[in-house]
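A.B. asks: Quick one: the structure is below, and I'll ask about it shortly.
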Amino acid sequence: MTSPSLPLELVEDVLYKIPIESLVRFKSVSKNWHALIKDKRFIYKLLDLSHERCILVGHKAIQLSSMKINNAPLCVPAPEKLHDYTLKAIIHCDGLLLCKCDEGGEHDNGRKLAVWNPFVSRLKWIEPSTYYKYFDVFAFGYDSVSRDNYKILRIDMGIKTEIYEFRSKLWRRVRATVDEYHRLCQAMSMNGNMYWVAQTKSNDSKIEFIQSFDFSTETFKPICVPEETDRFHGFTVHRVLLSGYGGGRLSLLHQHTHLKIEVWVTNKLTDGDVSWSNYFNVTLAHLPILPYRNDCRFLAYCIHKTKKIMLWVEEVDYNEAYVYTDVYVMGEGEIDKQVEATIRRTLHDQSCNHVYVPSLVPVPD
């Protein structure tokens with residue numbers, strides 16, 4: 001193991017190569033190491049060097065996928081504060097999880113919002129300006145001025161839009177509005193901005209566009225789905241997944257038959273006009289079939305490496321009353337199921353699958 005007497009610059013270079021889940025134990029090595037690991041500059045550089053993984057978030061624990069295909073996922077207990085709630089939605093930003101929690105029952109005062117970092121063992125409840133509602137839509141990100149001043153957007157459809165800032169600990173109204181005739185799903189935060197798949201409420205199986213929210217300008221902007229072919233217009237949303245790619249691009253996965261999965265990516269969103277290109281296709285006889293769901297909490301994928309994706313798929317065994325989350329790594333002409341890491345839970349355990357980058361970003365007081 002690296003000696004504490006080594007130059008701090010060398011220690012820092014070594015620590016950047018250590019997985020987050022192991023790094024938290026190194027705080028006790030020395031005062032210098034402890035100060036380094038808590039330093040904001042170190043935390044954000046480590047975050048930018050870290051790789052995307054898949055995470056299964058439940059109200060009693062999370063399970064984080066390994067970077068290696070046949071390694072078992074890491075299990076981290078959830079705070080007891082979450083045990084009495086159902087997690088209705090999760091948004092990830094910089095290793096922080098924004099959790100939409102529901103205590104059950106018909107009353108709105110049983111709904112809460114929490115920010116949680118599983119790897120610094122801290123959770124904070126976000127008090128509402130008015131009680132949270134069942135159909136509230138949330139976003140989580142930051143502006144270009146200060147990355148660590150995280151912000152939460154709350155959309156109370158047709159009534160108000162407001163932003164909560166971590167530094168001020170206050171909600172404030174904003175003028176930005178979104179078309180109430182569209183349903184926003186598959187919330188994804190990337191580089192401080194927010195993205196959703198937008199569906200028309202009158203025909204919620206059809207993707208209309210990608211809706212974005214910029215926390216710097218506090219404005220909404222639609223992004224067209226691929227137009228090179230007409231195939232995305234009319235895609236069923238249950239078999240289309242939204243994700244990021246390369247830290248600055250969007251990605252869409254579509255399974256239009258049980259034999260073929262397509263992955264599309266955009267150019268860099270900072271380039272201006274957004275265009276799509278077909279990244280790669282997987283055509284095999286034994287592809288996992290993405291289940292039809294009313295939302296996509298049960299599916300997640302990320303581009304794992306060049307021309308490969310990591311895909312988490314839930315499969316229900318109604319005879320045994322269990323749900324299995326299977327992990328696949330697939331590329332052009334090949335597929336590898338992570339059998340050793342299959343996760344089993346009962347049908348009553350509510351969980352959400354997400355793409356996640358573990359971090360040491362602190363949860364504010």
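By convention in this document, the chains of the structure tokens carry letters A, B, ... by their order, each chain's residues are numbered from 1, and ligands are numbered from 1 in the order they are shown.
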Within region 91-167 of chain A, find each residue whose DSSP state, derived from the backbone, is strand (DSSP E or B), and express the selection as a ChimeraX atom specification.
C.D. replies: /A:91-93,96-102,111-117,122-125,137-141,151-156,160-165
A.B. asks: Quick one: write out the picked residues with C-alpha atoms as a PDB file, in the first residue's frame?
C.D. replies:
ATOM      1  CA  ILE A  91     -32.256  11.759 -10.432  1.00  0.00           C
ATOM      2  CA  HIS A  92     -28.470  11.516 -10.341  1.00  0.00           C
ATOM      3  CA  CYS A  93     -26.122  14.510 -10.506  1.00  0.00           C
ATOM      4  CA  LEU A  96     -25.787  12.936  -5.470  1.00  0.00           C
ATOM      5  CA  LEU A  97     -29.197  11.262  -5.666  1.00  0.00           C
ATOM      6  CA  LEU A  98     -32.372  13.357  -5.637  1.00  0.00           C
ATOM      7  CA  CYS A  99     -35.011  10.997  -4.245  1.00  0.00           C
ATOM      8  CA  LYS A 100     -38.746  11.512  -4.664  1.00  0.00           C
ATOM      9  CA  CYS A 101     -40.175   9.668  -1.661  1.00  0.00           C
ATOM     10  CA  ASP A 102     -43.728   8.567  -0.933  1.00  0.00           C
ATOM     11  CA  ARG A 111     -44.468  13.011  -0.028  1.00  0.00           C
ATOM     12  CA  LYS A 112     -40.923  14.182   0.553  1.00  0.00           C
ATOM     13  CA  LEU A 113     -37.783  15.091  -1.361  1.00  0.00           C
ATOM     14  CA  ALA A 114     -34.304  14.027  -0.233  1.00  0.00           C
ATOM     15  CA  VAL A 115     -30.727  14.467  -1.447  1.00  0.00           C
ATOM     16  CA  TRP A 116     -28.486  11.510  -0.640  1.00  0.00           C
ATOM     17  CA  ASN A 117     -24.883  10.513  -1.343  1.00  0.00           C
ATOM     18  CA  ARG A 122     -25.430  11.585   4.416  1.00  0.00           C
ATOM     19  CA  LEU A 123     -29.041  12.412   3.543  1.00  0.00           C
ATOM     20  CA  LYS A 124     -30.826  15.790   3.635  1.00  0.00           C
ATOM     21  CA  TRP A 125     -34.567  16.417   3.401  1.00  0.00           C
ATOM     22  CA  VAL A 137     -41.758  16.914 -12.054  1.00  0.00           C
ATOM     23  CA  PHE A 138     -38.242  17.567 -10.757  1.00  0.00           C
ATOM     24  CA  ALA A 139     -34.851  18.398 -12.239  1.00  0.00           C
ATOM     25  CA  PHE A 140     -31.433  18.415 -10.566  1.00  0.00           C
ATOM     26  CA  GLY A 141     -28.315  20.253 -11.734  1.00  0.00           C
ATOM     27  CA  LYS A 151     -30.224  23.467  -7.769  1.00  0.00           C
ATOM     28  CA  ILE A 152     -33.541  21.633  -7.872  1.00  0.00           C
ATOM     29  CA  LEU A 153     -36.262  22.540 -10.367  1.00  0.00           C
ATOM     30  CA  ARG A 154     -39.851  21.757  -9.419  1.00  0.00           C
ATOM     31  CA  ILE A 155     -42.578  21.836 -12.064  1.00  0.00           C
ATOM     32  CA  ASP A 156     -46.117  21.936 -10.700  1.00  0.00           C
ATOM     33  CA  LYS A 160     -45.897  27.183 -11.070  1.00  0.00           C
ATOM     34  CA  THR A 161     -42.230  26.494 -11.719  1.00  0.00           C
ATOM     35  CA  GLU A 162     -39.677  27.110  -8.978  1.00  0.00           C
ATOM     36  CA  ILE A 163     -36.011  26.519  -8.149  1.00  0.00           C
ATOM     37  CA  TYR A 164     -34.384  25.563  -4.848  1.00  0.00           C
ATOM     38  CA  GLU A 165     -30.740  26.598  -4.355  1.00  0.00           C
TER      39      GLU A 165
END
A.B. asks: Pick out the residues sitting within 6 Å of region 184-199 of chain A, and hand them over as a VMD selection string; count only C-alpha atoms, and ignore anything fewer than 6 positions along from it in its own chain.
C.D. replies: chain A and resid 93 141 to 142 206 to 215
A.B. asks: So that I have them on file, write out the residues from the current selection with all heavy atoms, as a CSV table (one decimal), in the first residue's frame.
C.D. replies:
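Once written, part07.csv looks like this:
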chain,number,residue,atom,x,y,z
A,93,CYS,N,-27.0,13.4,-10.1
A,93,CYS,CA,-26.1,14.5,-10.5
A,93,CYS,C,-24.9,14.5,-9.7
A,93,CYS,O,-24.9,14.7,-8.4
A,93,CYS,CB,-26.9,15.8,-10.4
A,93,CYS,SG,-25.9,17.3,-10.9
A,141,GLY,N,-29.5,19.9,-11.0
A,141,GLY,CA,-28.3,20.3,-11.7
A,141,GLY,C,-27.6,21.4,-11.1
A,141,GLY,O,-27.7,21.7,-9.9
A,142,TYR,N,-26.9,22.2,-11.9
A,142,TYR,CA,-26.2,23.4,-11.5
A,142,TYR,C,-26.0,24.3,-12.6
A,142,TYR,O,-26.1,23.9,-13.8
A,142,TYR,CB,-24.8,23.0,-10.8
A,142,TYR,CG,-24.0,22.1,-11.7
A,142,TYR,CD1,-23.1,22.6,-12.7
A,142,TYR,CD2,-24.0,20.7,-11.6
A,142,TYR,CE1,-22.3,21.8,-13.5
A,142,TYR,CE2,-23.3,19.9,-12.4
A,142,TYR,CZ,-22.4,20.4,-13.3
A,142,TYR,OH,-21.6,19.6,-14.1
A,206,LYS,N,-45.9,7.6,-27.7
A,206,LYS,CA,-45.1,8.2,-28.8
A,206,LYS,C,-44.1,9.2,-28.3
A,206,LYS,O,-44.5,10.1,-27.5
A,206,LYS,CB,-46.0,8.9,-29.8
A,206,LYS,CG,-47.1,8.0,-30.4
A,206,LYS,CD,-46.6,6.8,-31.1
A,206,LYS,CE,-47.7,5.9,-31.7
A,206,LYS,NZ,-47.2,4.7,-32.3
A,207,ILE,N,-42.9,9.1,-28.7
A,207,ILE,CA,-41.9,10.1,-28.4
A,207,ILE,C,-42.0,11.3,-29.3
A,207,ILE,O,-42.1,11.2,-30.5
A,207,ILE,CB,-40.5,9.5,-28.5
A,207,ILE,CG1,-40.2,8.5,-27.4
A,207,ILE,CG2,-39.4,10.6,-28.4
A,207,ILE,CD1,-38.9,7.9,-27.5
A,208,GLU,N,-42.1,12.5,-28.7
A,208,GLU,CA,-42.2,13.7,-29.5
A,208,GLU,C,-40.9,14.4,-29.7
A,208,GLU,O,-40.5,14.8,-30.8
A,208,GLU,CB,-43.2,14.7,-28.9
A,208,GLU,CG,-44.6,14.2,-28.8
A,208,GLU,CD,-45.2,14.0,-30.2
A,208,GLU,OE1,-45.0,14.8,-31.1
A,208,GLU,OE2,-46.0,13.0,-30.4
A,209,PHE,N,-40.1,14.5,-28.6
A,209,PHE,CA,-38.8,15.2,-28.6
A,209,PHE,C,-38.1,15.0,-27.3
A,209,PHE,O,-38.7,14.4,-26.4
A,209,PHE,CB,-39.0,16.7,-28.9
A,209,PHE,CG,-39.9,17.4,-28.0
A,209,PHE,CD1,-39.5,18.0,-26.8
A,209,PHE,CD2,-41.3,17.6,-28.3
A,209,PHE,CE1,-40.4,18.6,-25.9
A,209,PHE,CE2,-42.2,18.2,-27.5
A,209,PHE,CZ,-41.7,18.7,-26.3
A,210,ILE,N,-36.9,15.5,-27.2
A,210,ILE,CA,-36.2,15.5,-25.9
A,210,ILE,C,-36.3,16.9,-25.4
A,210,ILE,O,-36.0,17.9,-26.0
A,210,ILE,CB,-34.7,15.1,-26.1
A,210,ILE,CG1,-34.5,13.8,-26.8
A,210,ILE,CG2,-34.0,15.1,-24.7
A,210,ILE,CD1,-35.1,12.6,-26.1
A,211,GLN,N,-36.9,17.0,-24.1
A,211,GLN,CA,-37.0,18.3,-23.5
A,211,GLN,C,-35.8,18.6,-22.6
A,211,GLN,O,-35.3,17.7,-21.9
A,211,GLN,CB,-38.2,18.4,-22.6
A,211,GLN,CG,-38.5,19.7,-21.9
A,211,GLN,CD,-38.9,20.8,-22.9
A,211,GLN,OE1,-38.0,21.5,-23.4
A,211,GLN,NE2,-40.1,21.0,-23.1
A,212,SER,N,-35.2,19.8,-22.7
A,212,SER,CA,-34.0,20.1,-21.9
A,212,SER,C,-34.3,21.3,-21.0
A,212,SER,O,-35.2,22.1,-21.4
A,212,SER,CB,-32.8,20.4,-22.8
A,212,SER,OG,-32.9,21.6,-23.5
A,213,PHE,N,-33.6,21.4,-19.9
A,213,PHE,CA,-33.7,22.6,-19.1
A,213,PHE,C,-32.2,23.0,-18.7
A,213,PHE,O,-31.4,22.2,-18.2
A,213,PHE,CB,-34.4,22.4,-17.8
A,213,PHE,CG,-34.6,23.6,-16.9
A,213,PHE,CD1,-35.5,24.6,-17.2
A,213,PHE,CD2,-33.7,23.8,-15.8
A,213,PHE,CE1,-35.6,25.7,-16.5
A,213,PHE,CE2,-33.8,24.9,-15.1
A,213,PHE,CZ,-34.7,25.9,-15.4
A,214,ASP,N,-31.9,24.3,-19.0
A,214,ASP,CA,-30.6,24.9,-18.8
A,214,ASP,C,-30.7,25.6,-17.5
A,214,ASP,O,-31.4,26.6,-17.4
A,214,ASP,CB,-30.2,25.8,-19.9
A,214,ASP,CG,-28.8,26.3,-19.9
A,214,ASP,OD1,-28.3,26.6,-18.8
A,214,ASP,OD2,-28.1,26.4,-20.9
A,215,PHE,N,-29.9,25.2,-16.5
A,215,PHE,CA,-29.9,25.8,-15.2
A,215,PHE,C,-29.2,27.2,-15.2
A,215,PHE,O,-29.3,28.0,-14.2
A,215,PHE,CB,-29.3,24.9,-14.1
A,215,PHE,CG,-30.3,24.0,-13.5
A,215,PHE,CD1,-30.4,22.7,-13.9
A,215,PHE,CD2,-31.1,24.4,-12.4
A,215,PHE,CE1,-31.3,21.8,-13.4
A,215,PHE,CE2,-32.0,23.5,-11.9
A,215,PHE,CZ,-32.1,22.2,-12.3
A.B. asks: Provide the CA of Arg172 (chain A) to CA of Glu218 (chain A) distance in Å, to one decimal place.
C.D. replies: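 Between these atoms lies a distance of 12.0 Å.
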A.B. asks: Please identify all polymer residues within 6 Å of region 306-313 of chain A, counting only C-alpha atoms, omitting same-chain residues fewer than 2 positions from it, and present them as a PDB file with N, CA, C and O atoms, in the first residue's frame.
C.D. replies:
ATOM      1  N   LEU A 299     -35.184   0.014 -16.075  1.00  0.00           N
ATOM      2  CA  LEU A 299     -34.195  -0.190 -17.120  1.00  0.00           C
ATOM      3  C   LEU A 299     -33.139   0.898 -17.039  1.00  0.00           C
ATOM      4  O   LEU A 299     -33.431   2.029 -16.671  1.00  0.00           O
ATOM      5  N   ALA A 300     -31.918   0.556 -17.378  1.00  0.00           N
ATOM      6  CA  ALA A 300     -30.850   1.559 -17.441  1.00  0.00           C
ATOM      7  C   ALA A 300     -29.744   1.027 -18.329  1.00  0.00           C
ATOM      8  O   ALA A 300     -29.519  -0.184 -18.413  1.00  0.00           O
ATOM      9  N   TYR A 301     -29.056   1.945 -18.999  1.00  0.00           N
ATOM     10  CA  TYR A 301     -27.904   1.523 -19.787  1.00  0.00           C
ATOM     11  C   TYR A 301     -26.909   2.663 -19.877  1.00  0.00           C
ATOM     12  O   TYR A 301     -27.242   3.842 -19.696  1.00  0.00           O
ATOM     13  N   CYS A 302     -25.669   2.320 -20.121  1.00  0.00           N
ATOM     14  CA  CYS A 302     -24.644   3.318 -20.411  1.00  0.00           C
ATOM     15  C   CYS A 302     -23.706   2.729 -21.456  1.00  0.00           C
ATOM     16  O   CYS A 302     -23.598   1.502 -21.598  1.00  0.00           O
ATOM     17  N   ILE A 303     -23.067   3.606 -22.222  1.00  0.00           N
ATOM     18  CA  ILE A 303     -22.065   3.137 -23.178  1.00  0.00           C
ATOM     19  C   ILE A 303     -20.824   2.801 -22.380  1.00  0.00           C
ATOM     20  O   ILE A 303     -20.147   3.675 -21.843  1.00  0.00           O
ATOM     21  N   HIS A 304     -20.564   1.520 -22.276  1.00  0.00           N
ATOM     22  CA  HIS A 304     -19.587   0.966 -21.344  1.00  0.00           C
ATOM     23  C   HIS A 304     -18.155   1.203 -21.823  1.00  0.00           C
ATOM     24  O   HIS A 304     -17.278   1.547 -21.065  1.00  0.00           O
ATOM     25  N   THR A 325     -32.838  -8.516 -11.549  1.00  0.00           N
ATOM     26  CA  THR A 325     -32.186  -7.486 -12.352  1.00  0.00           C
ATOM     27  C   THR A 325     -30.939  -8.109 -12.962  1.00  0.00           C
ATOM     28  O   THR A 325     -29.975  -8.414 -12.266  1.00  0.00           O
ATOM     29  N   ASP A 326     -30.977  -8.321 -14.262  1.00  0.00           N
ATOM     30  CA  ASP A 326     -29.864  -8.939 -14.968  1.00  0.00           C
ATOM     31  C   ASP A 326     -29.009  -7.871 -15.630  1.00  0.00           C
ATOM     32  O   ASP A 326     -29.511  -6.868 -16.145  1.00  0.00           O
ATOM     33  N   VAL A 327     -27.703  -8.078 -15.618  1.00  0.00           N
ATOM     34  CA  VAL A 327     -26.757  -7.123 -16.187  1.00  0.00           C
ATOM     35  C   VAL A 327     -26.119  -7.735 -17.419  1.00  0.00           C
ATOM     36  O   VAL A 327     -25.616  -8.859 -17.379  1.00  0.00           O
ATOM     37  N   TYR A 328     -26.161  -6.993 -18.519  1.00  0.00           N
ATOM     38  CA  TYR A 328     -25.591  -7.459 -19.780  1.00  0.00           C
ATOM     39  C   TYR A 328     -24.539  -6.462 -20.251  1.00  0.00           C
ATOM     40  O   TYR A 328     -24.669  -5.256 -20.050  1.00  0.00           O
ATOM     41  N   VAL A 329     -23.501  -6.963 -20.877  1.00  0.00           N
ATOM     42  CA  VAL A 329     -22.596  -6.132 -21.663  1.00  0.00           C
ATOM     43  C   VAL A 329     -22.688  -6.648 -23.090  1.00  0.00           C
ATOM     44  O   VAL A 329     -22.505  -7.843 -23.340  1.00  0.00           O
ATOM     45  N   MET A 330     -23.011  -5.749 -24.018  1.00  0.00           N
ATOM     46  CA  MET A 330     -23.216  -6.200 -25.395  1.00  0.00           C
ATOM     47  C   MET A 330     -22.565  -5.232 -26.372  1.00  0.00           C
ATOM     48  O   MET A 330     -22.401  -4.046 -26.104  1.00  0.00           O
ATOM     49  N   GLY A 331     -22.162  -5.786 -27.504  1.00  0.00           N
ATOM     50  CA  GLY A 331     -21.581  -5.005 -28.587  1.00  0.00           C
ATOM     51  C   GLY A 331     -22.030  -5.597 -29.904  1.00  0.00           C
ATOM     52  O   GLY A 331     -22.902  -6.477 -29.949  1.00  0.00           O
TER      53      GLY A 331
END
